Amino acid sequence: MAFQLTRDIDTLKQYAKTIRINVVKMLTEAASGHPGGSLSIADVVSALIFGVMKHNPANPKWEERDRFIMSKGHCVPALYAALSLAGYFDEKELLTLRRYGSRLQGHPDRIKLEALEASTGSLGQGLSIGVGMALAAKMKKASWRTYCVLGDGECQEGQVWEAALSAGKFGLDNLTAILDNNNGQIDGYVEDVMPLSPIDAKWRAFNWKVIAIDGHDIGQILHALDEAAQTKGTPTLIWAKTIKGKGVSFMENNIGWHGKAPNREEEKKAVEELVDA
């Protein structure tokens, strides 16, 4: 059966739950990875891949596809889980995460996996890539859109703001950035390490439209993505307020789970919580 998008919120919630469960299983098997930010972005990834974006698992390089860039590349397990669920590859391959020779590296590698648009992981670079893609679409008069997921700690990088300035200058209304604002990074809470506030005023000053949402509310995510697609003359930032480690009680808002994989006992407890949620 060909892949089809859905706007059914319960279905998209179920996809997000499956993404989270598979993230936990992948990281446990790999004994390495970043659960906190992978879990916080699962609802946004579900809404994008299964509810909004034009793409075709049978033809990953279809010219008219929308482009997705996971700029915070360490959280790519959430994207891998979604791509598998969409039919790009078998679910069993998820358990090869971070193994030598695997297509599923700890950070996105577009050479190994053609479903990926960009190799990311050096924080701050993804939005620049997205600006280039969106500008290329404008020059070609193409209808596809570009979506870029940023981490909040990542936005401490100067290159993010150079890219934001460029997107505003060129009026890239075909570019949507989603800020996963879970307030956690490897060194501590974002507001303690290097505050981003006021987030909305900063992005508006760079000529972006800003839409603030609950990043775990599928309905709000879909509405914001629709509003971004209808906005003309300016790029859009969707400011998604999220919970680091969302869905697993002992991981939520716990900085220690930024880059630590669960052991088998923790995996069991996490999966049980996610299944019962």
# chains A, B, ... in the order shown; residues from 1 in each chain; ligands from 1
$ residues_around --residues "Phe50 (chain A)" --least-positions-apart "3" --cutoff "6 Å" --atoms "only C-alpha atoms" --output "list in words"
Leu5, Ser46 and Ala47 of chain A
$ select_by_dssp --residues "region 75-275 of chain A" --states "strand (DSSP E or B)" --output "number ranges by chain"
A: 146-151, 175-181, 184-185, 188-189, 209-214, 236-241
$ write_last_selection --atoms "N, CA and C atoms" --output "CSV table (one decimal), in the first residue's frame"
chain,number,residue,atom,x,y,z
A,146,THR,N,10.9,23.6,2.6
A,146,THR,CA,12.0,23.1,3.5
A,146,THR,C,11.7,23.3,4.9
A,147,TYR,N,11.9,22.3,5.7
A,147,TYR,CA,11.7,22.3,7.1
A,147,TYR,C,13.0,22.0,7.9
A,148,CYS,N,13.3,22.8,8.9
A,148,CYS,CA,14.5,22.6,9.6
A,148,CYS,C,14.3,22.6,11.1
A,149,VAL,N,14.6,21.5,11.8
A,149,VAL,CA,14.5,21.4,13.2
A,149,VAL,C,15.8,21.8,13.9
A,150,LEU,N,15.7,22.8,14.8
A,150,LEU,CA,16.8,23.3,15.6
A,150,LEU,C,16.7,23.0,17.0
A,151,GLY,N,17.8,22.8,17.7
A,151,GLY,CA,17.8,22.7,19.2
A,151,GLY,C,17.9,24.1,19.8
A,175,LEU,N,10.4,28.4,3.7
A,175,LEU,CA,11.3,27.9,4.8
A,175,LEU,C,10.6,28.0,6.1
A,176,THR,N,10.5,26.9,6.8
A,176,THR,CA,10.0,26.8,8.2
A,176,THR,C,11.0,26.2,9.1
A,177,ALA,N,11.4,26.9,10.1
A,177,ALA,CA,12.3,26.4,11.2
A,177,ALA,C,11.4,26.0,12.4
A,178,ILE,N,11.7,24.9,13.0
A,178,ILE,CA,11.0,24.5,14.2
A,178,ILE,C,12.0,24.5,15.3
A,179,LEU,N,11.9,25.3,16.3
A,179,LEU,CA,12.8,25.3,17.5
A,179,LEU,C,12.3,24.4,18.6
A,180,ASP,N,13.0,23.4,18.9
A,180,ASP,CA,12.7,22.4,19.9
A,180,ASP,C,13.2,23.0,21.2
A,181,ASN,N,12.4,23.8,21.9
A,181,ASN,CA,12.8,24.5,23.1
A,181,ASN,C,12.5,23.7,24.3
A,184,GLY,N,17.3,22.3,27.5
A,184,GLY,CA,18.4,21.4,28.0
A,184,GLY,C,19.5,21.3,27.0
A,185,GLN,N,20.7,21.3,27.5
A,185,GLN,CA,21.9,21.0,26.6
A,185,GLN,C,22.9,20.2,27.5
A,188,GLY,N,24.0,21.8,30.8
A,188,GLY,CA,23.0,22.2,31.8
A,188,GLY,C,21.7,22.8,31.2
A,189,TYR,N,21.0,23.6,31.9
A,189,TYR,CA,19.8,24.2,31.4
A,189,TYR,C,20.2,25.4,30.5
A,209,LYS,N,8.4,35.4,10.9
A,209,LYS,CA,7.1,35.3,11.6
A,209,LYS,C,7.4,34.2,12.7
A,210,VAL,N,6.8,34.5,13.9
A,210,VAL,CA,7.0,33.5,15.0
A,210,VAL,C,5.7,33.0,15.5
A,211,ILE,N,5.6,31.7,15.6
A,211,ILE,CA,4.3,31.1,16.1
A,211,ILE,C,4.7,30.2,17.3
A,212,ALA,N,4.2,30.6,18.5
A,212,ALA,CA,4.6,29.9,19.7
A,212,ALA,C,3.5,28.8,20.0
A,213,ILE,N,4.0,27.6,20.3
A,213,ILE,CA,3.0,26.4,20.5
A,213,ILE,C,3.5,25.5,21.6
A,214,ASP,N,2.6,24.7,22.0
A,214,ASP,CA,3.0,23.5,22.9
A,214,ASP,C,3.5,22.4,21.9
A,236,THR,N,9.2,31.4,8.5
A,236,THR,CA,8.4,31.2,9.8
A,236,THR,C,9.3,30.4,10.8
A,237,LEU,N,9.3,30.8,12.0
A,237,LEU,CA,9.8,30.0,13.1
A,237,LEU,C,8.7,29.5,13.9
A,238,ILE,N,8.6,28.2,14.1
A,238,ILE,CA,7.6,27.6,15.0
A,238,ILE,C,8.4,27.4,16.3
A,239,TRP,N,8.0,28.1,17.3
A,239,TRP,CA,8.7,28.0,18.6
A,239,TRP,C,7.9,27.0,19.5
A,240,ALA,N,8.5,25.8,19.4
A,240,ALA,CA,7.8,24.6,20.1
A,240,ALA,C,8.4,24.4,21.5
A,241,LYS,N,7.6,24.7,22.5
A,241,LYS,CA,8.0,24.5,23.9
A,241,LYS,C,7.8,23.1,24.3
$ closest_residue --among "A:Ile49, A:Leu172, A:Ala201, A:Ala277" --to "Ala78 (chain A)" --atoms "only C-alpha atoms"
A:Ile49
$ closest_residue --among "A:Glu63, A:Asp152, A:Asp109, A:Glu114" --to "Ala137 (chain A)" --atoms "only C-alpha atoms"
A:Glu63
$ residues_around --residues "Tyr80 (chain A)" --least-positions-apart "6" --cutoff "12 Å" --atoms "only C-alpha atoms" --output "NGL selection string"
:A and (18-20 or 22-23 or 26-27 or 38 or 42 or 45-46 or 49 or 70 or 73-74 or 86-98 or 103-109 or 113-116)
$ residues_around --residues "Trp161 (chain A)" --least-positions-apart "4" --cutoff "10 Å" --atoms "only C-alpha atoms" --output "tab-separated table (two decimals) with C-alpha atoms, in the first residue's frame"
chain	number	residue	atom	x	y	z
A	124	GLY	CA	24.46	25.55	13.85
A	127	LEU	CA	19.60	26.31	9.01
A	128	SER	CA	22.23	27.54	6.55
A	155	CYS	CA	20.84	28.54	18.74
A	156	GLN	CA	23.78	29.75	20.82
A	157	GLU	CA	25.81	29.24	17.62
A	165	LEU	CA	19.38	37.08	8.70
A	166	SER	CA	19.75	35.70	5.16
A	167	ALA	CA	16.35	34.00	5.20
A	202	LYS	CA	14.99	37.99	18.45
A	203	TRP	CA	13.54	36.07	15.53
A	206	PHE	CA	15.45	39.10	11.86
$ closest_residue --among "A:Lys246, A:Ser122, A:Ile255, A:Thr234" --to "Asp187 (chain A)" --atoms "only C-alpha atoms"
A:Ile255
$ residues_around --residues "Ala229 (chain A)" --least-positions-apart "2" --cutoff "8 Å" --atoms "only C-alpha atoms" --output "VMD selection string"
chain A and resid 173 to 174 225 to 227 231
$ residues_around --residues "Lys25 (chain A)" --least-positions-apart "5" --cutoff "10 Å" --atoms "only C-alpha atoms" --output "ChimeraX atom specification"
/A:19-20,30-31,94-95,261-264,267-268,270-271
$ write_last_selection --atoms "C-alpha atoms" --output "short mmCIF file (atom, residue, chain, number, x, y, z; two decimals), in the first residue's frame"
data_model
loop_
_atom_site.label_atom_id
_atom_site.label_comp_id
_atom_site.auth_asym_id
_atom_site.auth_seq_id
_atom_site.Cartn_x
_atom_site.Cartn_y
_atom_site.Cartn_z
CA ILE A 19 8.75 6.76 17.56
CA ARG A 20 9.53 7.22 21.26
CA ALA A 30 23.57 0.86 20.78
CA ALA A 31 24.49 1.65 24.40
CA LEU A 94 16.81 0.51 13.64
CA LEU A 95 18.76 -1.77 15.98
CA ALA A 261 21.70 5.61 26.79
CA PRO A 262 19.41 3.56 29.05
CA ASN A 263 20.46 0.13 30.27
CA ARG A 264 18.17 -2.91 29.87
CA GLU A 267 14.68 0.39 28.81
CA LYS A 268 12.03 -1.96 30.24
CA ALA A 270 10.72 3.41 29.84
CA VAL A 271 8.93 1.24 27.27
#
$ closest_residue --among "A:Val248, A:Gly153, A:Arg67, A:Cys75" --to "Val193 (chain A)" --atoms "only C-alpha atoms"
A:Gly153
$ closest_residue --among "A:Val76, A:Glu272, A:Trp208, A:Lys54" --to "Ala228 (chain A)" --atoms "only C-alpha atoms"
A:Trp208
$ closest_residue --among "A:Thr11, A:Asn56, A:Thr28, A:Thr6" --to "Glu265 (chain A)" --atoms "only C-alpha atoms"
A:Thr28
$ select_by_dssp --residues "region 15-76 of chain A" --states "alpha helix (DSSP H)" --output "list in words"
Tyr15, Ala16, Lys17, Thr18, Ile19, Arg20, Ile21, Asn22, Val23, Val24, Lys25, Met26, Leu27, Thr28, Glu29, Ala30, Pro35, Gly36, Gly37, Ser38, Leu39, Ser40, Ala42, Asp43, Val44, Val45, Ser46, Ala47 and Val76 of chain A
$ atom_distance --atom1 "CA of Arg204 (chain A)" --atom2 "CA of His258 (chain A)"
29.1 Å
$ decode --residues "region 60-179 of chain A" --atoms "C-alpha atoms" --output "tab-separated table (two decimals), in the first residue's frame"
chain	number	residue	atom	x	y	z
A	60	PRO	CA	13.30	9.07	-1.71
A	61	LYS	CA	14.77	11.57	-4.21
A	62	TRP	CA	11.45	12.51	-5.84
A	63	GLU	CA	12.09	16.04	-7.08
A	64	GLU	CA	8.85	17.51	-5.74
A	65	ARG	CA	9.36	16.21	-2.19
A	66	ASP	CA	9.53	18.60	0.73
A	67	ARG	CA	12.95	18.77	2.40
A	68	PHE	CA	13.57	17.97	6.07
A	69	ILE	CA	16.78	18.88	7.88
A	70	MET	CA	17.48	17.63	11.40
A	71	SER	CA	19.92	20.38	12.28
A	72	LYS	CA	20.35	19.08	15.82
A	73	GLY	CA	21.79	15.95	14.29
A	74	HIS	CA	22.37	14.07	17.54
A	75	CYS	CA	18.58	13.66	17.77
A	76	VAL	CA	18.31	11.84	14.45
A	77	PRO	CA	17.07	8.61	16.13
A	78	ALA	CA	13.60	10.20	16.19
A	79	LEU	CA	13.83	10.76	12.43
A	80	TYR	CA	15.13	7.24	11.79
A	81	ALA	CA	12.21	5.81	13.75
A	82	ALA	CA	9.76	7.88	11.70
A	83	LEU	CA	11.35	6.98	8.36
A	84	SER	CA	11.18	3.30	9.23
A	85	LEU	CA	7.53	3.63	10.22
A	86	ALA	CA	6.83	5.40	6.92
A	87	GLY	CA	8.36	2.51	4.97
A	88	TYR	CA	11.81	3.77	3.94
A	89	PHE	CA	13.48	0.73	5.49
A	90	ASP	CA	12.68	-2.25	7.69
A	91	GLU	CA	12.16	-1.64	11.40
A	92	LYS	CA	14.81	-4.27	12.21
A	93	GLU	CA	17.48	-1.95	10.81
A	94	LEU	CA	16.81	0.51	13.64
A	95	LEU	CA	18.76	-1.77	15.98
A	96	THR	CA	21.91	-1.20	13.91
A	97	LEU	CA	22.08	2.41	15.15
A	98	ARG	CA	25.68	3.60	15.60
A	99	ARG	CA	27.22	0.29	14.53
A	100	TYR	CA	30.25	0.35	12.27
A	101	GLY	CA	29.04	0.25	8.65
A	102	SER	CA	25.39	0.92	9.52
A	103	ARG	CA	23.37	3.35	7.41
A	104	LEU	CA	22.00	4.71	10.68
A	105	GLN	CA	24.89	6.66	12.10
A	106	GLY	CA	24.72	8.60	15.36
A	107	HIS	CA	24.43	11.79	13.30
A	108	PRO	CA	22.75	11.98	9.87
A	109	ASP	CA	24.88	10.81	6.94
A	110	ARG	CA	23.14	11.51	3.63
A	111	ILE	CA	25.71	9.45	1.71
A	112	LYS	CA	24.79	6.31	3.63
A	113	LEU	CA	21.01	6.88	3.73
A	114	GLU	CA	19.47	8.59	0.72
A	115	ALA	CA	16.26	9.44	2.57
A	116	LEU	CA	18.27	12.09	4.46
A	117	GLU	CA	18.66	15.55	2.96
A	118	ALA	CA	21.76	16.69	4.84
A	119	SER	CA	24.63	15.41	6.94
A	120	THR	CA	24.38	17.35	10.19
A	121	GLY	CA	25.70	17.24	13.72
A	122	SER	CA	28.09	20.17	13.74
A	123	LEU	CA	25.59	22.35	15.53
A	124	GLY	CA	24.46	25.55	13.85
A	125	GLN	CA	24.85	24.46	10.24
A	126	GLY	CA	21.44	23.03	9.43
A	127	LEU	CA	19.60	26.31	9.01
A	128	SER	CA	22.23	27.54	6.55
A	129	ILE	CA	21.63	24.39	4.49
A	130	GLY	CA	17.90	25.01	4.72
A	131	VAL	CA	18.30	28.60	3.51
A	132	GLY	CA	20.23	27.31	0.50
A	133	MET	CA	17.56	24.74	-0.31
A	134	ALA	CA	14.72	27.22	0.07
A	135	LEU	CA	16.52	29.78	-2.08
A	136	ALA	CA	17.13	27.12	-4.74
A	137	ALA	CA	13.42	26.32	-4.77
A	138	LYS	CA	12.61	30.00	-5.24
A	139	MET	CA	15.05	30.24	-8.16
A	140	LYS	CA	13.55	27.14	-9.77
A	141	LYS	CA	9.99	28.33	-9.05
A	142	ALA	CA	9.46	24.95	-7.38
A	143	SER	CA	6.58	24.31	-4.99
A	144	TRP	CA	8.36	22.17	-2.40
A	145	ARG	CA	9.04	23.48	1.08
A	146	THR	CA	12.00	23.15	3.45
A	147	TYR	CA	11.65	22.30	7.14
A	148	CYS	CA	14.53	22.59	9.62
A	149	VAL	CA	14.49	21.39	13.24
A	150	LEU	CA	16.79	23.34	15.55
A	151	GLY	CA	17.77	22.74	19.16
A	152	ASP	CA	17.61	25.62	21.61
A	153	GLY	CA	21.18	25.08	22.79
A	154	GLU	CA	22.15	25.01	19.14
A	155	CYS	CA	20.84	28.54	18.74
A	156	GLN	CA	23.78	29.75	20.82
A	157	GLU	CA	25.81	29.24	17.62
A	158	GLY	CA	26.41	32.41	15.62
A	159	GLN	CA	25.87	30.70	12.29
A	160	VAL	CA	22.19	30.20	13.16
A	161	TRP	CA	21.73	33.96	13.26
A	162	GLU	CA	23.65	34.54	10.05
A	163	ALA	CA	21.32	32.08	8.35
A	164	ALA	CA	18.27	33.67	9.97
A	165	LEU	CA	19.38	37.08	8.70
A	166	SER	CA	19.75	35.70	5.16
A	167	ALA	CA	16.35	34.00	5.20
A	168	GLY	CA	14.70	37.26	6.19
A	169	LYS	CA	16.57	39.21	3.54
A	170	PHE	CA	15.49	36.85	0.77
A	171	GLY	CA	11.89	36.56	2.00
A	172	LEU	CA	12.04	32.76	2.13
A	173	ASP	CA	8.39	32.05	2.90
A	174	ASN	CA	8.99	28.46	1.76
A	175	LEU	CA	11.26	27.87	4.77
A	176	THR	CA	9.96	26.82	8.19
A	177	ALA	CA	12.26	26.37	11.16
A	178	ILE	CA	11.02	24.50	14.22
A	179	LEU	CA	12.77	25.34	17.48
